[in-house]
Amino acid sequence: MTARPNKRVTIGSCECGEGAPLLLIAGPCVLEEETSFQIAEELCRIVAALKGEGFDLGLVFKGSFDKANRTSVDSWRGPGLEKGLEILARVRRELNVPVTTDVHEPYQAGPVGEVVDLIQIPAFLARQTDLLAAAARTGKPTHVKKGQFMAPTDMRFVVEKLCAFGCPNILLGDRGTFFGYGSLVNDFRALPIMRGFGVPVLFDATHSVQKPSADGGKSGGAREFVAPLARAAAAVGIDALFLETHFDPRQSPSDGANMLSLPELPEVLRDVLKIRKALNK
């Protein structure tokens, strides 16, 4: 019998969905050993400080062990599966924070599921049935980003696939839609449409400002639009916010052009949390 999707999902020590606090999924684009741990430490400090200000917020640390869709063959892809999982396991163990990473091939899901609290399916692979089935077999919650080439209504079939494979704990994320050449746009109708499938929804504010393959062999971005898009998504209604961040985005080996710097992050989160609090009243 096919499972029914859950409106509230448990991810490690965090809850996401109906009646739960906003969940922040954040970290660098690609994992680097010491830098990634330091970013995770700073994210924990930022979230603790916001809680001290009276804001309720959960945190899941995100980092990729392999960027399999880099524009150029010369671009660094990451530390690989084994080393990447070591980094994530250390963050989870020493900082007591849930972690997530993305999988690109079905064989990766098993070892990843032994370490992380949330499996992520990249937007380009949202329709890959075998990958969704492998993620479901881990028993972990699964976050699927809507393909940039897909209508939000198409994500109903992603939910149906995961439920059929025994995974009712699903998050759906929006990260923009292809428009012309080198740009993405956001149709904020996607968020209530996808929530209508009975699952929590997430807005990816940093990838939404990405300019794919538009910067001489790598992707560009327009980070000045991260904050206004995050505020707009909060006003529409979200259960989780996804942000990639770094101490110095210019030094990030991947997606630096659309990242937020860590010092900018608290102000963006305060705005989003204030909007969400006002809506909940």
# chains A, B, ... in the order shown; residues from 1 in each chain; ligands from 1
$ residues_around --residues "Arg4 (chain A)" --least-positions-apart "4" --cutoff "12 Å" --atoms "only C-alpha atoms" --output "tab-separated table (two decimals) with all heavy atoms, in the first residue's frame"
chain	number	residue	atom	x	y	z
A	8	ARG	N	4.37	17.04	8.44
A	8	ARG	CA	5.44	17.45	9.36
A	8	ARG	C	6.49	16.34	9.38
A	8	ARG	O	6.16	15.17	9.57
A	8	ARG	CB	4.88	17.70	10.76
A	8	ARG	CG	5.92	18.20	11.75
A	8	ARG	CD	5.23	18.88	12.91
A	8	ARG	NE	6.15	19.25	13.97
A	8	ARG	CZ	5.89	20.12	14.93
A	8	ARG	NH1	4.71	20.72	14.97
A	8	ARG	NH2	6.77	20.40	15.86
A	159	VAL	N	6.32	13.25	-5.47
A	159	VAL	CA	5.75	12.84	-4.19
A	159	VAL	C	5.15	11.44	-4.31
A	159	VAL	O	5.36	10.57	-3.45
A	159	VAL	CB	4.69	13.85	-3.71
A	159	VAL	CG1	3.97	13.34	-2.46
A	159	VAL	CG2	5.35	15.20	-3.43
A	160	GLU	N	4.42	11.20	-5.38
A	160	GLU	CA	3.81	9.88	-5.57
A	160	GLU	C	4.85	8.78	-5.68
A	160	GLU	O	4.69	7.69	-5.13
A	160	GLU	CB	2.93	9.91	-6.82
A	160	GLU	CG	1.66	10.73	-6.65
A	160	GLU	CD	0.82	10.80	-7.92
A	160	GLU	OE1	1.27	10.23	-8.95
A	160	GLU	OE2	-0.25	11.41	-7.89
A	161	LYS	N	5.95	9.05	-6.40
A	161	LYS	CA	7.01	8.06	-6.52
A	161	LYS	C	7.62	7.74	-5.15
A	161	LYS	O	7.76	6.56	-4.78
A	161	LYS	CB	8.11	8.57	-7.45
A	161	LYS	CG	7.78	8.55	-8.93
A	161	LYS	CD	8.96	9.09	-9.73
A	161	LYS	CE	8.64	9.16	-11.22
A	161	LYS	NZ	9.79	9.68	-12.00
A	162	LEU	N	7.99	8.77	-4.40
A	162	LEU	CA	8.62	8.54	-3.11
A	162	LEU	C	7.69	7.79	-2.16
A	162	LEU	O	8.11	6.86	-1.45
A	162	LEU	CB	9.07	9.86	-2.49
A	162	LEU	CG	10.35	10.46	-3.10
A	162	LEU	CD1	10.54	11.90	-2.62
A	162	LEU	CD2	11.57	9.62	-2.75
A	163	CYS	N	6.43	8.18	-2.14
A	163	CYS	CA	5.47	7.47	-1.28
A	163	CYS	C	5.32	6.02	-1.71
A	163	CYS	O	5.24	5.11	-0.88
A	163	CYS	CB	4.11	8.18	-1.31
A	163	CYS	SG	4.08	9.74	-0.39
A	164	ALA	N	5.31	5.77	-3.02
A	164	ALA	CA	5.20	4.40	-3.51
A	164	ALA	C	6.40	3.56	-3.10
A	164	ALA	O	6.27	2.35	-2.88
A	164	ALA	CB	5.06	4.41	-5.03
A	165	PHE	N	7.57	4.21	-2.96
A	165	PHE	CA	8.78	3.50	-2.57
A	165	PHE	C	8.95	3.44	-1.05
A	165	PHE	O	9.95	2.94	-0.55
A	165	PHE	CB	10.01	4.16	-3.19
A	165	PHE	CG	10.03	4.12	-4.69
A	165	PHE	CD1	10.36	5.25	-5.42
A	165	PHE	CD2	9.72	2.95	-5.38
A	165	PHE	CE1	10.39	5.21	-6.81
A	165	PHE	CE2	9.74	2.91	-6.76
A	165	PHE	CZ	10.07	4.05	-7.48
A	166	GLY	N	7.94	3.97	-0.31
A	166	GLY	CA	7.96	3.86	1.14
A	166	GLY	C	8.57	5.02	1.88
A	166	GLY	O	8.91	4.90	3.05
A	167	CYS	N	8.69	6.17	1.23
A	167	CYS	CA	9.22	7.37	1.88
A	167	CYS	C	8.13	8.43	1.97
A	167	CYS	O	7.90	9.17	0.99
A	167	CYS	CB	10.42	7.91	1.11
A	167	CYS	SG	11.09	9.45	1.79
A	168	PRO	N	7.46	8.58	3.12
A	168	PRO	CA	6.42	9.60	3.27
A	168	PRO	C	6.97	10.93	3.78
A	168	PRO	O	6.24	11.92	3.85
A	168	PRO	CB	5.49	8.98	4.31
A	168	PRO	CG	6.42	8.20	5.19
A	168	PRO	CD	7.52	7.68	4.30
A	169	ASN	N	8.25	10.95	4.17
A	169	ASN	CA	8.86	12.15	4.77
A	169	ASN	C	9.61	12.92	3.70
A	169	ASN	O	10.77	12.66	3.41
A	169	ASN	CB	9.78	11.74	5.92
A	169	ASN	CG	9.01	11.09	7.04
A	169	ASN	OD1	8.02	11.64	7.52
A	169	ASN	ND2	9.44	9.91	7.46
A	170	ILE	N	8.90	13.88	3.11
A	170	ILE	CA	9.35	14.53	1.88
A	170	ILE	C	9.34	16.05	2.06
A	170	ILE	O	8.39	16.61	2.61
A	170	ILE	CB	8.42	14.16	0.71
A	170	ILE	CG1	8.36	12.63	0.54
A	170	ILE	CG2	8.86	14.84	-0.58
A	170	ILE	CD1	7.15	12.18	-0.27
A	197	PHE	N	0.43	19.35	-2.12
A	197	PHE	CA	0.62	17.90	-2.22
A	197	PHE	C	0.80	17.26	-0.85
A	197	PHE	O	1.07	16.06	-0.75
A	197	PHE	CB	1.83	17.59	-3.12
A	197	PHE	CG	1.77	18.22	-4.48
A	197	PHE	CD1	2.91	18.74	-5.08
A	197	PHE	CD2	0.56	18.32	-5.16
A	197	PHE	CE1	2.86	19.34	-6.32
A	197	PHE	CE2	0.50	18.92	-6.41
A	197	PHE	CZ	1.66	19.43	-6.99
A	198	GLY	N	0.65	18.06	0.21
A	198	GLY	CA	0.67	17.53	1.57
A	198	GLY	C	2.05	17.41	2.18
A	198	GLY	O	2.24	16.61	3.10
A	199	VAL	N	3.01	18.21	1.68
A	199	VAL	CA	4.38	18.12	2.18
A	199	VAL	C	4.90	19.52	2.56
A	199	VAL	O	4.39	20.53	2.05
A	199	VAL	CB	5.32	17.51	1.13
A	199	VAL	CG1	4.88	16.10	0.77
A	199	VAL	CG2	5.38	18.38	-0.14
$ residues_around --residues "region 204-209 of chain A" --least-positions-apart "4" --cutoff "8 Å" --atoms "only C-alpha atoms" --output "PyMOL selection string"
chain A and resi 173-176+183-186+221-223+225-227+229-230+241-244+258-260
$ closest_residue --among "A:Val115, A:Ala49, A:Leu95, A:Leu22" --to "Ile275 (chain A)" --atoms "only C-alpha atoms"
A:Leu22
$ closest_residue --among "A:Leu81, A:Val268, A:Ile25, A:Leu171" --to "Val9 (chain A)" --atoms "only C-alpha atoms"
A:Leu171
$ atom_distance --atom1 "CA of Val97 (chain A)" --atom2 "CA of Met194 (chain A)"
27.1 Å
$ select_by_dssp --residues "region 19-233 of chain A" --states "strand (DSSP E)" --output "PyMOL selection string"
chain A and resi 22-27+57-62+99-102+118-121+142-145+170-174+177-178+184-185+201-204+210-211+220-221
$ residues_around --residues "Gln148 (chain A)" --least-positions-apart "4" --cutoff "7 Å" --atoms "only C-alpha atoms" --output "list in words"
Ala123, Gly176, Thr177 and Phe178 of chain A
$ write_last_selection --atoms "all heavy atoms" --output "PDB file, in the first residue's frame"
ATOM      1  N   ALA A 123      18.123  19.376  -8.375  1.00  0.00           N
ATOM      2  CA  ALA A 123      17.018  19.761  -9.257  1.00  0.00           C
ATOM      3  C   ALA A 123      17.103  19.082 -10.617  1.00  0.00           C
ATOM      4  O   ALA A 123      16.086  18.648 -11.173  1.00  0.00           O
ATOM      5  CB  ALA A 123      16.992  21.280  -9.424  1.00  0.00           C
ATOM      6  N   GLY A 176      13.902  28.279  -8.541  1.00  0.00           N
ATOM      7  CA  GLY A 176      13.785  29.060  -9.761  1.00  0.00           C
ATOM      8  C   GLY A 176      13.559  28.189 -10.986  1.00  0.00           C
ATOM      9  O   GLY A 176      13.687  26.968 -10.957  1.00  0.00           O
ATOM     10  N   THR A 177      13.242  28.862 -12.076  1.00  0.00           N
ATOM     11  CA  THR A 177      12.909  28.202 -13.337  1.00  0.00           C
ATOM     12  C   THR A 177      13.682  28.872 -14.456  1.00  0.00           C
ATOM     13  O   THR A 177      13.874  30.088 -14.465  1.00  0.00           O
ATOM     14  CB  THR A 177      11.391  28.321 -13.605  1.00  0.00           C
ATOM     15  OG1 THR A 177      10.686  27.742 -12.492  1.00  0.00           O
ATOM     16  CG2 THR A 177      10.986  27.599 -14.882  1.00  0.00           C
ATOM     17  N   PHE A 178      14.143  28.076 -15.420  1.00  0.00           N
ATOM     18  CA  PHE A 178      14.887  28.630 -16.554  1.00  0.00           C
ATOM     19  C   PHE A 178      14.065  29.679 -17.287  1.00  0.00           C
ATOM     20  O   PHE A 178      12.874  29.525 -17.506  1.00  0.00           O
ATOM     21  CB  PHE A 178      15.251  27.525 -17.543  1.00  0.00           C
ATOM     22  CG  PHE A 178      16.366  26.635 -17.084  1.00  0.00           C
ATOM     23  CD1 PHE A 178      16.276  25.266 -17.246  1.00  0.00           C
ATOM     24  CD2 PHE A 178      17.509  27.152 -16.504  1.00  0.00           C
ATOM     25  CE1 PHE A 178      17.292  24.433 -16.840  1.00  0.00           C
ATOM     26  CE2 PHE A 178      18.533  26.331 -16.087  1.00  0.00           C
ATOM     27  CZ  PHE A 178      18.429  24.966 -16.256  1.00  0.00           C
TER      28      PHE A 178
END
$ atom_distance --atom1 "CA of Val112 (chain A)" --atom2 "CA of Ala68 (chain A)"
15.6 Å
$ atom_distance --atom1 "CA of Gly52 (chain A)" --atom2 "CA of Ala278 (chain A)"
18.8 Å
$ residues_around --residues "Pro263 (chain A)" --least-positions-apart "3" --cutoff "12 Å" --atoms "only C-alpha atoms" --output "list in words"
Ile39, Glu42, Leu43, Arg45, Ile46, Thr245, His246, Phe247, Asp248, Pro249, Met259, Leu260, Pro266, Glu267, Val268 and Leu269 of chain A
$ residues_around --residues "Leu88 (chain A)" --least-positions-apart "6" --cutoff "8 Å" --atoms "only C-alpha atoms" --output "PDB file with N, CA, C and O atoms, in the first residue's frame"
ATOM      1  N   GLY A  63      26.328  20.381   2.893  1.00  0.00           N
ATOM      2  CA  GLY A  63      27.544  20.502   2.098  1.00  0.00           C
ATOM      3  C   GLY A  63      27.602  19.360   1.099  1.00  0.00           C
ATOM      4  O   GLY A  63      27.160  18.243   1.390  1.00  0.00           O
ATOM      5  N   VAL A  99      22.649  16.865   9.497  1.00  0.00           N
ATOM      6  CA  VAL A  99      23.384  17.201   8.277  1.00  0.00           C
ATOM      7  C   VAL A  99      22.676  16.625   7.056  1.00  0.00           C
ATOM      8  O   VAL A  99      21.908  15.664   7.148  1.00  0.00           O
ATOM      9  N   THR A 100      22.962  17.225   5.906  1.00  0.00           N
ATOM     10  CA  THR A 100      22.407  16.750   4.645  1.00  0.00           C
ATOM     11  C   THR A 100      23.424  16.920   3.533  1.00  0.00           C
ATOM     12  O   THR A 100      24.317  17.775   3.611  1.00  0.00           O
ATOM     13  N   VAL A 115      25.002   8.231   7.204  1.00  0.00           N
ATOM     14  CA  VAL A 115      25.642   9.374   7.872  1.00  0.00           C
ATOM     15  C   VAL A 115      24.691  10.548   8.064  1.00  0.00           C
ATOM     16  O   VAL A 115      24.677  11.172   9.122  1.00  0.00           O
ATOM     17  N   VAL A 116      23.890  10.858   7.048  1.00  0.00           N
ATOM     18  CA  VAL A 116      23.117  12.096   7.078  1.00  0.00           C
ATOM     19  C   VAL A 116      21.721  11.875   7.659  1.00  0.00           C
ATOM     20  O   VAL A 116      21.249  10.753   7.807  1.00  0.00           O
TER      21      VAL A 116
END
$ select_by_dssp --residues "region 5-54 of chain A" --states "helix (DSSP H, G or I)" --output "PyMOL selection string"
chain A and resi 33-52
$ write_last_selection --atoms "C-alpha atoms" --output "PDB file, in the first residue's frame"
ATOM      1  CA  GLU A  33      37.651  19.944   5.378  1.00  0.00           C
ATOM      2  CA  GLU A  34      38.466  22.659   7.920  1.00  0.00           C
ATOM      3  CA  THR A  35      36.554  25.514   6.288  1.00  0.00           C
ATOM      4  CA  SER A  36      33.303  23.541   6.263  1.00  0.00           C
ATOM      5  CA  PHE A  37      33.574  22.670   9.949  1.00  0.00           C
ATOM      6  CA  GLN A  38      34.233  26.322  10.791  1.00  0.00           C
ATOM      7  CA  ILE A  39      31.208  27.389   8.717  1.00  0.00           C
ATOM      8  CA  ALA A  40      29.085  24.843  10.600  1.00  0.00           C
ATOM      9  CA  GLU A  41      30.346  26.211  13.935  1.00  0.00           C
ATOM     10  CA  GLU A  42      29.451  29.762  12.890  1.00  0.00           C
ATOM     11  CA  LEU A  43      25.990  28.684  11.717  1.00  0.00           C
ATOM     12  CA  CYS A  44      25.367  27.081  15.112  1.00  0.00           C
ATOM     13  CA  ARG A  45      26.485  30.299  16.812  1.00  0.00           C
ATOM     14  CA  ILE A  46      24.207  32.445  14.607  1.00  0.00           C
ATOM     15  CA  VAL A  47      21.173  30.228  15.250  1.00  0.00           C
ATOM     16  CA  ALA A  48      21.859  30.195  19.004  1.00  0.00           C
ATOM     17  CA  ALA A  49      22.116  34.003  19.009  1.00  0.00           C
ATOM     18  CA  LEU A  50      18.810  34.349  17.153  1.00  0.00           C
ATOM     19  CA  LYS A  51      17.163  32.004  19.629  1.00  0.00           C
ATOM     20  CA  GLY A  52      18.509  34.261  22.368  1.00  0.00           C
TER      21      GLY A  52
END
$ closest_residue --among "A:Ala126, A:Val272, A:Lys277, A:Arg93" --to "Asp154 (chain A)" --atoms "only C-alpha atoms"
A:Ala126
$ closest_residue --among "A:Leu172, A:Gly80, A:Pro21, A:Leu131" --to "Glu105 (chain A)" --atoms "only C-alpha atoms"
A:Leu131
$ decode --residues "region 79-148 of chain A" --atoms "C-alpha atoms" --output "JSON list (two decimals), in the first residue's frame"
[["chain", "number", "residue", "atom", "x", "y", "z"],
["A", 79, "PRO", "CA", 36.44, 15.89, -1.83],
["A", 80, "GLY", "CA", 34.57, 12.80, -3.00],
["A", 81, "LEU", "CA", 32.15, 10.46, -1.26],
["A", 82, "GLU", "CA", 34.38, 8.96, 1.43],
["A", 83, "LYS", "CA", 36.09, 12.16, 2.55],
["A", 84, "GLY", "CA", 32.90, 14.19, 2.26],
["A", 85, "LEU", "CA", 31.01, 11.81, 4.52],
["A", 86, "GLU", "CA", 33.85, 11.99, 7.06],
["A", 87, "ILE", "CA", 33.46, 15.78, 7.17],
["A", 88, "LEU", "CA", 29.69, 15.56, 7.57],
["A", 89, "ALA", "CA", 29.97, 12.89, 10.25],
["A", 90, "ARG", "CA", 32.36, 15.09, 12.22],
["A", 91, "VAL", "CA", 30.00, 18.09, 12.02],
["A", 92, "ARG", "CA", 27.09, 15.92, 13.15],
["A", 93, "ARG", "CA", 29.05, 14.31, 15.99],
["A", 94, "GLU", "CA", 30.94, 17.28, 17.39],
["A", 95, "LEU", "CA", 28.34, 20.03, 16.88],
["A", 96, "ASN", "CA", 25.24, 17.90, 17.48],
["A", 97, "VAL", "CA", 23.51, 19.28, 14.40],
["A", 98, "PRO", "CA", 21.66, 17.33, 11.67],
["A", 99, "VAL", "CA", 23.38, 17.20, 8.28],
["A", 100, "THR", "CA", 22.41, 16.75, 4.64],
["A", 101, "THR", "CA", 24.07, 16.24, 1.29],
["A", 102, "ASP", "CA", 22.99, 15.49, -2.26],
["A", 103, "VAL", "CA", 23.26, 12.22, -4.16],
["A", 104, "HIS", "CA", 23.68, 11.97, -7.92],
["A", 105, "GLU", "CA", 23.68, 8.21, -8.51],
["A", 106, "PRO", "CA", 21.68, 5.43, -6.84],
["A", 107, "TYR", "CA", 24.77, 3.65, -5.44],
["A", 108, "GLN", "CA", 25.61, 6.74, -3.36],
["A", 109, "ALA", "CA", 22.34, 6.70, -1.40],
["A", 110, "GLY", "CA", 23.22, 3.73, 0.84],
["A", 111, "PRO", "CA", 26.49, 5.08, 2.31],
["A", 112, "VAL", "CA", 25.11, 8.63, 2.45],
["A", 113, "GLY", "CA", 22.02, 7.44, 4.32],
["A", 114, "GLU", "CA", 24.23, 5.91, 7.02],
["A", 115, "VAL", "CA", 25.64, 9.37, 7.87],
["A", 116, "VAL", "CA", 23.12, 12.10, 7.08],
["A", 117, "ASP", "CA", 19.70, 12.97, 8.50],
["A", 118, "LEU", "CA", 18.24, 14.20, 5.20],
["A", 119, "ILE", "CA", 18.89, 13.04, 1.61],
["A", 120, "GLN", "CA", 18.89, 15.77, -1.04],
["A", 121, "ILE", "CA", 18.03, 15.18, -4.70],
["A", 122, "PRO", "CA", 19.43, 17.86, -7.05],
["A", 123, "ALA", "CA", 17.02, 19.76, -9.26],
["A", 124, "PHE", "CA", 18.44, 18.35, -12.49],
["A", 125, "LEU", "CA", 17.71, 14.82, -11.20],
["A", 126, "ALA", "CA", 14.23, 15.34, -9.73],
["A", 127, "ARG", "CA", 12.64, 13.03, -12.33],
["A", 128, "GLN", "CA", 15.13, 10.16, -11.95],
["A", 129, "THR", "CA", 13.01, 7.28, -10.66],
["A", 130, "ASP", "CA", 15.90, 4.98, -9.72],
["A", 131, "LEU", "CA", 17.55, 7.77, -7.70],
["A", 132, "LEU", "CA", 14.31, 8.50, -5.83],
["A", 133, "ALA", "CA", 13.86, 4.79, -5.11],
["A", 134, "ALA", "CA", 17.41, 4.53, -3.75],
["A", 135, "ALA", "CA", 16.87, 7.56, -1.51],
["A", 136, "ALA", "CA", 13.63, 6.06, -0.20],
["A", 137, "ARG", "CA", 15.36, 2.79, 0.66],
["A", 138, "THR", "CA", 17.65, 4.61, 3.12],
["A", 139, "GLY", "CA", 14.67, 5.30, 5.40],
["A", 140, "LYS", "CA", 15.76, 8.92, 5.69],
["A", 141, "PRO", "CA", 13.62, 11.98, 4.85],
["A", 142, "THR", "CA", 14.20, 13.19, 1.30],
["A", 143, "HIS", "CA", 14.36, 16.74, -0.02],
["A", 144, "VAL", "CA", 13.78, 17.07, -3.77],
["A", 145, "LYS", "CA", 14.44, 20.35, -5.53],
["A", 146, "LYS", "CA", 12.02, 21.17, -8.33],
["A", 147, "GLY", "CA", 13.80, 20.91, -11.65],
["A", 148, "GLN", "CA", 14.47, 24.27, -13.28]]
